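Dumped run-v3.tsv below, it's TSV, C-alpha atoms:
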```tsv
chain	number	residue	atom	x	y	z
A	996	MET	CA	0.00	0.00	0.00
A	997	THR	CA	1.34	3.47	-0.90
A	998	SER	CA	1.57	5.80	2.07
A	999	PRO	CA	-0.78	8.82	1.82
A	1000	ALA	CA	2.19	10.98	2.86
A	1001	LEU	CA	4.23	10.26	-0.28
A	1002	PRO	CA	2.38	12.66	-2.65
A	1003	GLY	CA	2.82	15.49	-0.14
A	1004	ILE	CA	6.53	14.78	0.25
A	1005	ALA	CA	6.98	14.64	-3.53
A	1006	MET	CA	5.18	17.96	-3.96
A	1007	GLY	CA	7.29	19.54	-1.20
A	1008	ALA	CA	10.50	18.33	-2.81
A	1009	LEU	CA	9.36	19.77	-6.15
A	1010	LEU	CA	8.64	23.16	-4.59
A	1011	ILE	CA	11.94	23.22	-2.69
A	1012	SER	CA	13.85	22.47	-5.90
A	1013	GLY	CA	12.79	25.90	-7.17
A	1014	CYS	CA	14.26	27.73	-4.17
A	1015	THR	CA	17.50	28.77	-5.84
A	1016	GLY	CA	19.04	32.01	-7.08
A	1017	ILE	CA	20.00	35.37	-5.62
A	1018	GLN	CA	17.09	35.49	-3.14
A	1019	SER	CA	16.96	32.03	-1.63
A	1020	ALA	CA	17.64	30.76	1.86
A	1021	LEU	CA	18.61	27.44	0.26
A	1022	ALA	CA	21.42	29.03	-1.80
A	1023	PRO	CA	23.62	30.26	1.08
A	1024	ALA	CA	26.63	32.49	0.46
A	1025	GLY	CA	27.41	33.45	4.05
A	1026	ASP	CA	28.07	31.86	7.45
A	1027	GLU	CA	24.71	32.66	8.99
A	1028	ALA	CA	22.83	31.74	5.83
A	1029	SER	CA	24.62	28.37	5.77
A	1030	ARG	CA	23.51	27.67	9.32
A	1031	VAL	CA	19.95	28.71	8.52
A	1032	ALA	CA	19.93	26.47	5.43
A	1033	LEU	CA	21.27	23.49	7.41
A	1034	LEU	CA	18.67	23.95	10.14
A	1035	THR	CA	15.96	24.30	7.48
A	1036	LEU	CA	16.96	21.07	5.77
A	1037	ILE	CA	17.07	19.22	9.11
A	1038	LEU	CA	13.60	20.47	9.97
A	1039	PHE	CA	12.27	19.51	6.54
A	1040	ALA	CA	13.85	16.05	6.79
A	1041	GLY	CA	12.52	15.56	10.31
A	1042	ALA	CA	9.07	16.72	9.27
A	1043	GLY	CA	9.18	14.29	6.34
A	1044	VAL	CA	10.08	11.35	8.57
A	1045	ILE	CA	7.35	12.25	11.07
A	1046	LEU	CA	4.85	12.61	8.22
A	1047	LEU	CA	5.77	9.12	6.98
A	1048	ILE	CA	5.34	7.67	10.49
A	1049	VAL	CA	1.95	9.36	10.93
A	1050	GLY	CA	0.87	8.30	7.44
A	1051	ALA	CA	1.88	4.71	8.11
A	1052	ALA	CA	0.07	4.73	11.47
A	1053	LEU	CA	-3.04	6.13	9.80
A	1054	ALA	CA	-2.92	3.47	7.10
A	1055	LEU	CA	-2.57	0.71	9.73
A	1056	ALA	CA	-5.36	2.21	11.83
A	1057	ILE	CA	-7.68	2.10	8.81
A	1058	GLY	CA	-6.66	-1.14	7.11
A	1059	GLY	CA	-4.59	-3.06	9.66
A	1060	SER	CA	-5.51	-6.15	11.61
A	1061	ASP	CA	-7.67	-5.97	14.74
A	1062	ARG	CA	-4.60	-6.62	16.91
A	1063	THR	CA	-2.68	-3.77	15.27
A	1064	ARG	CA	-5.60	-1.38	15.63
A	1065	ARG	CA	-6.03	-2.26	19.30
A	1066	LEU	CA	-2.30	-1.67	19.84
A	1067	LEU	CA	-2.43	1.77	18.16
A	1068	GLY	CA	-5.44	2.75	20.25
A	1069	SER	CA	-3.99	1.66	23.60
A	1070	ASP	CA	-3.19	4.09	26.41
A	1071	ARG	CA	0.51	3.19	26.16
A	1072	ALA	CA	0.66	4.03	22.42
A	1073	ILE	CA	-1.13	7.35	23.00
A	1074	LYS	CA	1.22	8.34	25.83
A	1075	LEU	CA	4.34	7.36	23.88
A	1076	GLY	CA	3.28	8.68	20.48
A	1077	GLY	CA	1.18	11.66	21.55
A	1078	ILE	CA	3.16	12.97	24.54
A	1079	ALA	CA	6.64	11.50	24.96
A	1080	PHE	CA	7.64	11.49	21.28
A	1081	PRO	CA	6.67	15.17	20.56
A	1082	VAL	CA	8.29	16.40	23.80
A	1083	VAL	CA	11.57	14.59	23.15
A	1084	THR	CA	11.65	15.51	19.45
A	1085	LEU	CA	10.89	19.20	19.96
A	1086	THR	CA	13.36	19.46	22.85
A	1087	VAL	CA	16.14	17.94	20.77
A	1088	LEU	CA	15.37	20.22	17.80
A	1089	LEU	CA	15.22	23.31	20.01
A	1090	GLY	CA	18.51	22.47	21.72
A	1091	TYR	CA	20.24	21.76	18.42
A	1092	GLY	CA	18.84	24.94	16.85
A	1093	VAL	CA	20.09	27.10	19.73
A	1094	TRP	CA	23.52	25.42	19.60
A	1095	LEU	CA	23.76	25.76	15.81
A	1096	MET	CA	22.77	29.43	15.81
A	1097	ARG	CA	24.79	30.34	18.91
A	1098	GLU	CA	27.12	32.71	17.03
A	1099	THR	CA	24.13	34.52	15.59
A	1100	ILE	CA	22.60	34.94	19.03
A	1101	ALA	CA	25.74	36.31	20.69
A	1102	THR	CA	29.30	37.03	19.59
A	1103	ASP	CA	32.02	39.23	21.06
A	1104	ARG	CA	34.04	39.60	17.86
A	1105	PRO	CA	34.14	43.15	16.50
A	1106	ALA	CA	32.92	43.57	12.94
A	1107	ALA	CA	35.16	44.84	10.17
A	1108	LEU	CA	32.55	47.39	9.05
A	1109	ARG	CA	29.31	48.98	10.23
A	1110	ILE	CA	26.64	50.08	7.81
A	1111	GLU	CA	23.55	51.95	8.99
A	1112	VAL	CA	20.31	51.07	7.19
A	1113	THR	CA	17.06	52.88	7.93
A	1114	GLY	CA	13.79	51.57	6.58
A	1115	GLU	CA	11.54	54.19	4.99
A	1116	GLN	CA	8.24	53.89	3.15
A	1117	TRP	CA	9.23	52.34	0.70
A	1118	TRP	CA	13.00	52.50	0.29
A	1119	TRP	CA	16.25	52.01	2.22
A	1120	ARG	CA	18.41	54.84	3.58
A	1121	VAL	CA	22.04	53.69	3.79
A	1122	ALA	CA	25.05	55.33	5.47
A	1123	TYR	CA	28.71	54.27	5.59
A	1124	ALA	CA	31.42	55.75	7.78
A	1125	GLY	CA	33.84	57.66	5.54
A	1126	ALA	CA	37.59	57.88	6.00
A	1127	ASP	CA	37.19	61.22	7.81
A	1128	GLY	CA	34.46	59.85	10.05
A	1129	LYS	CA	31.67	61.65	8.21
A	1130	PRO	CA	28.78	59.50	6.98
A	1131	VAL	CA	28.64	58.65	3.29
A	1132	ALA	CA	25.02	58.48	2.19
A	1133	GLU	CA	23.69	55.85	-0.21
A	1134	ALA	CA	20.28	54.33	-0.87
A	1135	ASN	CA	18.63	51.04	-1.84
A	1136	GLU	CA	21.89	49.20	-2.50
A	1137	LEU	CA	24.67	48.01	-0.20
A	1138	ARG	CA	28.21	47.20	-1.20
A	1139	ILE	CA	30.29	45.08	1.16
A	1140	PRO	CA	33.74	43.44	1.12
A	1141	VAL	CA	33.88	39.68	0.63
A	1142	GLY	CA	35.08	37.58	3.57
A	1143	ARG	CA	34.61	40.25	6.23
A	1144	GLU	CA	31.97	40.38	8.95
A	1145	ILE	CA	29.65	43.34	8.55
A	1146	ASP	CA	27.33	44.77	11.20
A	1147	ILE	CA	24.14	46.10	9.62
A	1148	VAL	CA	22.68	48.62	12.08
A	1149	LEU	CA	18.93	48.61	11.50
A	1150	ARG	CA	16.43	51.38	12.28
A	1151	SER	CA	13.02	52.49	11.05
A	1152	ALA	CA	11.86	56.01	10.30
A	1153	ASP	CA	8.13	55.28	10.25
A	1154	VAL	CA	6.56	51.79	10.61
A	1155	ILE	CA	7.91	48.30	11.22
A	1156	HIS	CA	10.06	47.00	8.37
A	1157	SER	CA	12.17	43.86	8.23
A	1158	PHE	CA	15.60	43.43	6.63
A	1159	TRP	CA	16.08	40.07	4.94
A	1160	VAL	CA	18.71	38.94	2.45
A	1161	PRO	CA	18.08	35.15	2.42
A	1162	SER	CA	21.36	34.12	0.76
A	1163	LEU	CA	23.38	35.93	3.46
A	1164	GLY	CA	21.42	35.51	6.68
A	1165	GLY	CA	18.17	35.51	8.58
A	1166	LYS	CA	15.75	38.41	8.79
A	1167	LEU	CA	15.65	41.03	11.52
A	1168	ASP	CA	12.89	43.54	12.19
A	1169	MET	CA	13.38	47.30	12.04
A	1170	ILE	CA	11.21	48.79	14.78
A	1171	PRO	CA	10.56	52.53	15.29
A	1172	GLY	CA	12.47	53.82	18.31
A	1173	ARG	CA	14.78	50.78	18.51
A	1174	THR	CA	18.14	49.85	17.02
A	1175	ASN	CA	18.85	46.24	16.05
A	1176	THR	CA	22.10	44.89	14.62
A	1177	LEU	CA	22.43	42.05	12.13
A	1178	ARG	CA	25.84	40.53	11.34
A	1179	LEU	CA	26.43	39.25	7.81
A	1180	LYS	CA	29.39	37.93	5.82
A	1181	ALA	CA	29.53	37.14	2.12
A	1182	GLU	CA	31.80	34.22	1.32
A	1183	ARG	CA	32.12	35.00	-2.38
A	1184	PRO	CA	31.59	37.95	-4.75
A	1185	GLY	CA	28.14	38.33	-6.19
A	1186	VAL	CA	24.83	40.15	-6.09
A	1187	TYR	CA	22.37	39.09	-3.38
A	1188	ARG	CA	18.81	40.31	-3.39
A	1189	GLY	CA	16.88	41.18	-0.26
A	1190	GLN	CA	13.36	42.22	0.59
A	1191	CYS	CA	11.40	43.98	3.31
A	1192	ALA	CA	9.85	40.97	5.03
A	1193	GLU	CA	7.28	42.82	7.17
A	1194	TYR	CA	4.20	44.33	5.54
A	1195	CYS	CA	4.64	48.10	5.74
A	1196	GLY	CA	1.71	49.33	3.65
A	1197	GLY	CA	1.41	50.55	0.07
A	1198	PRO	CA	4.04	49.18	-2.34
A	1199	HIS	CA	5.62	46.95	0.32
A	1200	ALA	CA	6.12	44.18	-2.25
A	1201	LEU	CA	8.32	46.57	-4.27
A	1202	MET	CA	10.62	47.44	-1.35
A	1203	ALA	CA	13.60	45.30	-2.25
A	1204	LEU	CA	17.36	45.89	-2.15
A	1205	GLU	CA	20.56	44.41	-3.48
A	1206	ILE	CA	23.81	43.67	-1.68
A	1207	VAL	CA	26.82	43.68	-3.99
A	1208	ALA	CA	29.76	41.75	-2.48
A	1209	LEU	CA	33.10	42.95	-3.86
A	1210	PRO	CA	36.74	41.88	-3.37
A	1211	PRO	CA	38.11	43.92	-0.42
A	1212	ALA	CA	40.42	46.11	-2.52
A	1213	GLU	CA	37.63	46.91	-4.96
A	1214	PHE	CA	35.28	47.75	-2.10
A	1215	GLU	CA	37.81	50.10	-0.47
A	1216	ALA	CA	38.28	51.92	-3.78
A	1217	TRP	CA	34.52	52.21	-4.21
A	1218	LEU	CA	34.03	53.60	-0.69
A	1219	ALA	CA	36.85	56.12	-1.10
A	1220	ALA	CA	35.31	57.32	-4.36
A	1221	ALA	CA	31.84	57.45	-2.83
A	1222	ALA	CA	32.86	60.19	-0.39
A	1223	ALA	CA	33.89	62.53	-3.23
A	1224	PRO	CA	31.48	64.67	-5.30
A	1225	PRO	CA	30.26	62.65	-8.30
A	1226	ALA	CA	31.50	63.22	-11.84
A	1227	ARG	CA	28.99	64.92	-14.17
A	1228	ALA	CA	30.95	66.44	-17.04
A	1229	GLY	CA	28.89	67.72	-19.95
A	1230	GLN	CA	25.52	67.52	-18.19
A	1231	GLU	CA	24.89	71.16	-17.33
A	1232	ARG	CA	21.47	71.19	-19.00
A	1233	GLY	CA	20.24	68.29	-16.90
A	1234	ARG	CA	21.76	69.75	-13.76
A	1235	ALA	CA	19.99	73.07	-14.35
A	1236	LEU	CA	16.67	71.26	-14.77
A	1237	PHE	CA	17.31	69.28	-11.57
A	1238	GLU	CA	17.90	72.49	-9.62
A	1239	SER	CA	15.12	74.57	-11.19
A	1240	ALA	CA	12.49	71.86	-10.60
A	1241	GLY	CA	13.26	71.82	-6.88
A	1242	CYS	CA	14.51	68.23	-6.81
A	1243	GLY	CA	17.12	69.25	-4.22
A	1244	ALA	CA	14.36	69.91	-1.68
A	1245	CYS	CA	13.91	66.15	-1.30
A	1246	HIS	CA	17.16	64.66	-2.66
A	1247	ALA	CA	20.83	65.30	-2.03
A	1248	VAL	CA	23.74	65.31	-4.47
A	1249	ARG	CA	27.17	65.77	-2.90
A	1250	GLY	CA	29.04	68.80	-4.17
A	1251	THR	CA	25.87	70.69	-5.14
A	1252	ALA	CA	23.26	72.81	-3.39
A	1253	ALA	CA	20.88	69.83	-3.36
A	1254	ALA	CA	20.74	68.70	0.27
A	1255	GLY	CA	17.28	67.24	0.76
A	1256	VAL	CA	16.81	64.35	3.16
A	1257	VAL	CA	13.19	63.41	2.45
A	1258	GLY	CA	14.03	61.05	-0.41
A	1259	PRO	CA	16.98	58.87	-1.38
A	1260	ASP	CA	20.44	60.37	-1.80
A	1261	LEU	CA	21.20	60.61	-5.53
A	1262	SER	CA	24.92	61.36	-5.36
A	1263	ARG	CA	25.86	58.08	-7.06
A	1264	ILE	CA	22.57	56.97	-8.54
A	1265	GLY	CA	24.16	56.41	-11.93
A	1266	GLY	CA	26.34	53.65	-10.48
A	1267	ARG	CA	23.50	51.66	-8.94
A	1268	ARG	CA	22.18	48.52	-10.56
A	1269	ALA	CA	18.49	49.28	-10.05
A	1270	LEU	CA	16.04	52.10	-9.35
A	1271	THR	CA	13.34	52.73	-6.75
A	1272	ALA	CA	14.40	50.00	-4.28
A	1273	ALA	CA	15.42	47.36	-6.85
A	1274	THR	CA	12.12	47.62	-8.72
A	1275	ILE	CA	13.42	48.29	-12.26
A	1276	PRO	CA	16.88	48.20	-13.92
A	1277	ASN	CA	18.85	51.43	-13.82
A	1278	THR	CA	18.82	52.87	-17.34
A	1279	PRO	CA	18.37	56.46	-18.58
A	1280	GLU	CA	15.05	55.38	-20.13
A	1281	ASN	CA	13.78	54.02	-16.80
A	1282	LEU	CA	15.01	57.11	-14.98
A	1283	ALA	CA	12.97	59.31	-17.30
A	1284	ARG	CA	9.98	57.00	-16.99
A	1285	PHE	CA	10.02	57.07	-13.20
A	1286	ILE	CA	10.40	60.86	-13.03
A	1287	ALA	CA	7.36	61.47	-15.22
A	1288	HIS	CA	5.23	58.38	-14.53
A	1289	GLY	CA	6.44	57.00	-11.20
A	1290	GLN	CA	3.04	55.79	-10.05
A	1291	SER	CA	2.81	53.38	-12.97
A	1292	VAL	CA	6.23	51.97	-12.00
A	1293	LYS	CA	5.69	51.77	-8.25
A	1294	PRO	CA	2.06	52.52	-7.32
A	1295	GLY	CA	1.71	54.34	-4.02
A	1296	ASN	CA	5.27	55.65	-3.78
A	1297	LEU	CA	5.58	59.10	-2.21
A	1298	MET	CA	7.35	60.90	-5.07
A	1299	PRO	CA	5.03	63.10	-7.16
A	1300	GLU	CA	5.05	62.63	-10.92
A	1301	PHE	CA	6.88	65.42	-12.75
A	1302	ARG	CA	4.98	65.75	-16.02
A	1303	ILE	CA	6.13	69.34	-16.50
A	1304	PHE	CA	9.16	68.25	-18.53
A	1305	SER	CA	9.19	67.84	-22.29
A	1306	ASP	CA	10.66	64.67	-23.76
A	1307	GLU	CA	13.92	66.50	-24.50
A	1308	GLU	CA	14.09	67.83	-20.94
A	1309	LEU	CA	13.39	64.40	-19.50
A	1310	GLN	CA	16.24	62.94	-21.54
A	1311	ALA	CA	18.62	65.68	-20.36
A	1312	LEU	CA	17.60	65.22	-16.72
A	1313	ALA	CA	17.93	61.43	-16.94
A	1314	ALA	CA	21.34	61.77	-18.60
A	1315	TYR	CA	22.49	64.04	-15.77
A	1316	LEU	CA	21.36	61.57	-13.10
A	1317	ALA	CA	22.90	58.65	-15.00
A	1318	SER	CA	26.23	60.53	-15.00
A	1319	LEU	CA	26.33	60.64	-11.18
A	1320	THR	CA	28.72	57.80	-10.45
```
For this file, produce the structure as structure tokens.
Amino acid sequence: MTSPALPGIAMGALLISGCTGIQSALAPAGDEASRVALLTLILFAGAGVILLIVGAALALAIGGSDRTRRLLGSDRAIKLGGIAFPVVTLTVLLGYGVWLMRETIATDRPAALRIEVTGEQWWWRVAYAGADGKPVAEANELRIPVGREIDIVLRSADVIHSFWVPSLGGKLDMIPGRTNTLRLKAERPGVYRGQCAEYCGGPHALMALEIVALPPAEFEAWLAAAAAPPARAGQERGRALFESAGCGACHAVRGTAAAGVVGPDLSRIGGRRALTAATIPNTPENLARFIAHGQSVKPGNLMPEFRIFSDEELQALAAYLASLT
């Protein structure tokens, strides 16, 4: 007789086989993510074994002999299978989980780098410590050195958000009025996608981010360049439009009069892989599209649509922003 549990196990295995890629807890690229993946697989395997046992017991209870059915219905079987077995199993799993994740729960090692990330509706405010101690503002994308432990200092500016990059570690909530710290380490270069994992209203589903893990020397060069005013040669027309439209009231661009803090810092927007919290690829065409028709790209976002620009002006403004690297 085929166990009734087998179709469920087969379907679960099929679903799990699709959990790969840059946003998967089963494709670990960091120490904590590897521990989470191991614990996940152990729990899945344990659940599968228990499901088989329960399925077999159910099959015997329905179609087994009278002696077998009396045995399964006895007080001894109920106490062992319904009380002792769950208590022992759950205690062992809890103890192993705490032991396995002990370094995540508490560690005294200092991190090589601290990055402050503040959750906003619906984007990520990012700040690095520059060489002179002054913060270097970024948004919606983190760059980190490979092989080094990074403390991500998490805060929220409005409602509860949750920072989760499955390939690098577990999720941690960002709660208004509190500061939480998540330690991550990327074992190899790559791009790892994350997501706000706590519903925060509006376009919550489009509040993603990317972590770009770079070789240490490449990261240091990037961070040193990030503190300097961005290059923008030959884009005076777009810069004039940016300033005359009042974009600097909400956004900042280092080295210019734009010093707004309401929206994301745009000082190096041209060097980012994606726009509006990893919603669309970063291209001049998408920049122009979001400026004029942002609600069709990310419905509910808080930036007004600027339809005052002609097509030529939009192209000039997008070219200016794309030059900020």
Using all atoms listed in the file, what table do you get, as CSV, when you list each residue of region 1136-1193 of chain A with an atom no more than 7 Å from region 1025-1048 of chain A, its nearest pair of atoms, and their distance in Å rounded to one decimal, rows by chain then rising number?
```
residue,atom,partner,partner_atom,distance
A:Pro1161,CA,A:Ala1028,CA,6.8
A:Ser1162,CA,A:Ala1028,CA,5.8
A:Leu1163,CA,A:Gly1025,CA,4.8
A:Gly1164,CA,A:Ala1028,CA,4.1
A:Gly1165,CA,A:Ala1028,CA,6.6
A:Leu1179,CA,A:Glu1027,CA,6.9
A:Lys1180,CA,A:Gly1025,CA,5.2
A:Ala1181,CA,A:Gly1025,CA,4.7
A:Glu1182,CA,A:Gly1025,CA,5.2
```
Fewer than 6 positions away in the same chain doesn't count, so skip those; otherwise give me all residues within 12 Å of Trp1117 (chain A), counting all atoms listed in the file, as a PyMOL selection string.
chain A and resi 1134-1135+1151-1157+1190-1191+1193-1204+1257-1259+1271-1274+1293-1298
Excluding region 1299-1311 of chain A and its own-chain neighbours fewer than 2 positions away, which residues fall within 12 Å of it when counting all atoms listed in the file? Please give them as a ChimeraX atom specification.
/A:1229-1237,1239-1242,1245,1258,1278-1297,1313-1318
Applying 12 Å and only C-alpha atoms, which residues near Asp1127 (chain A) remain after dropping the ones on its own chain fewer than 3 positions away? List them as a PDB file with C-alpha atoms, in the frame of the given file.
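Okay, around_3.pdb is ready:
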```pdb
ATOM      1  CA  TYR A1123      28.710  54.270   5.590  1.00  0.00           C
ATOM      2  CA  ALA A1124      31.420  55.750   7.780  1.00  0.00           C
ATOM      3  CA  PRO A1130      28.780  59.500   6.980  1.00  0.00           C
ATOM      4  CA  VAL A1131      28.640  58.650   3.290  1.00  0.00           C
ATOM      5  CA  LEU A1218      34.030  53.600  -0.690  1.00  0.00           C
ATOM      6  CA  ALA A1219      36.850  56.120  -1.100  1.00  0.00           C
ATOM      7  CA  ALA A1222      32.860  60.190  -0.390  1.00  0.00           C
ATOM      8  CA  ALA A1223      33.890  62.530  -3.230  1.00  0.00           C
TER       9      ALA A1223
END
```
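Distance-wise, CA of Gly1266 (chain A) and CA of Leu1319 (chain A) end up 7.0 Å apart.
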Top pick for closest residue to Ala1252 (chain A), considering A:Pro1224, A:Gly1142, A:Pro1276, A:Pro1023 and counting all atoms listed in the file:
A:Pro1224
Using Å and a single decimal, report how far CA of Glu1213 (chain A) sits from CA of Pro1105 (chain A).
22.1 Å
Please provide the set of residues having any atom within 8 Å of Leu1167 (chain A), restricted to all atoms listed in the file, with same-chain residues fewer than 2 positions apart removed, written as a list of chain:residue names.
A:Ser1157, A:Phe1158, A:Trp1159, A:Gly1165, A:Met1169, A:Asn1175, A:Leu1177
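Reported to one decimal place, the separation of CA of Val1186 (chain A) from CA of Gly1250 (chain A) is 29.0 Å.
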So that I can check the surroundings of Arg1150 (chain A), please list as a ChimeraX atom specification every protein, DNA and RNA residue that reaches within 7 Å of it, counting all atoms listed in the file and ignoring chain neighbours fewer than 6 positions away.
/A:1112-1114,1169-1171,1173-1175
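Nearest residue to Gly1125 (chain A), choosing from A:Ala1052, A:Trp1217, A:Ser1262, A:Pro1211 and counting only C-alpha atoms: A:Trp1217.
Minimum atom-to-atom distance to Glu1111 (chain A), evaluated using all atoms listed in the file, belongs to A:Thr1176 out of A:Asn1277, A:Thr1176, A:Thr1320, A:Ser1019.
Residue nearest Trp1118 (chain A), chosen from A:Leu1053, A:Leu1270, A:Ala1024, A:Ile1275 and counting only C-alpha atoms: A:Leu1270.
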From the list A:Lys1129, A:Lys1166, A:Arg1178, A:Lys1074, the nearest residue to Leu1108 (chain A) using only C-alpha atoms is A:Arg1178
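Across A:Leu1055, A:Gly1077, A:Thr1251, A:Glu1205, the tightest approach to Arg1188 (chain A) is made by A:Glu1205 when counting only C-alpha atoms.
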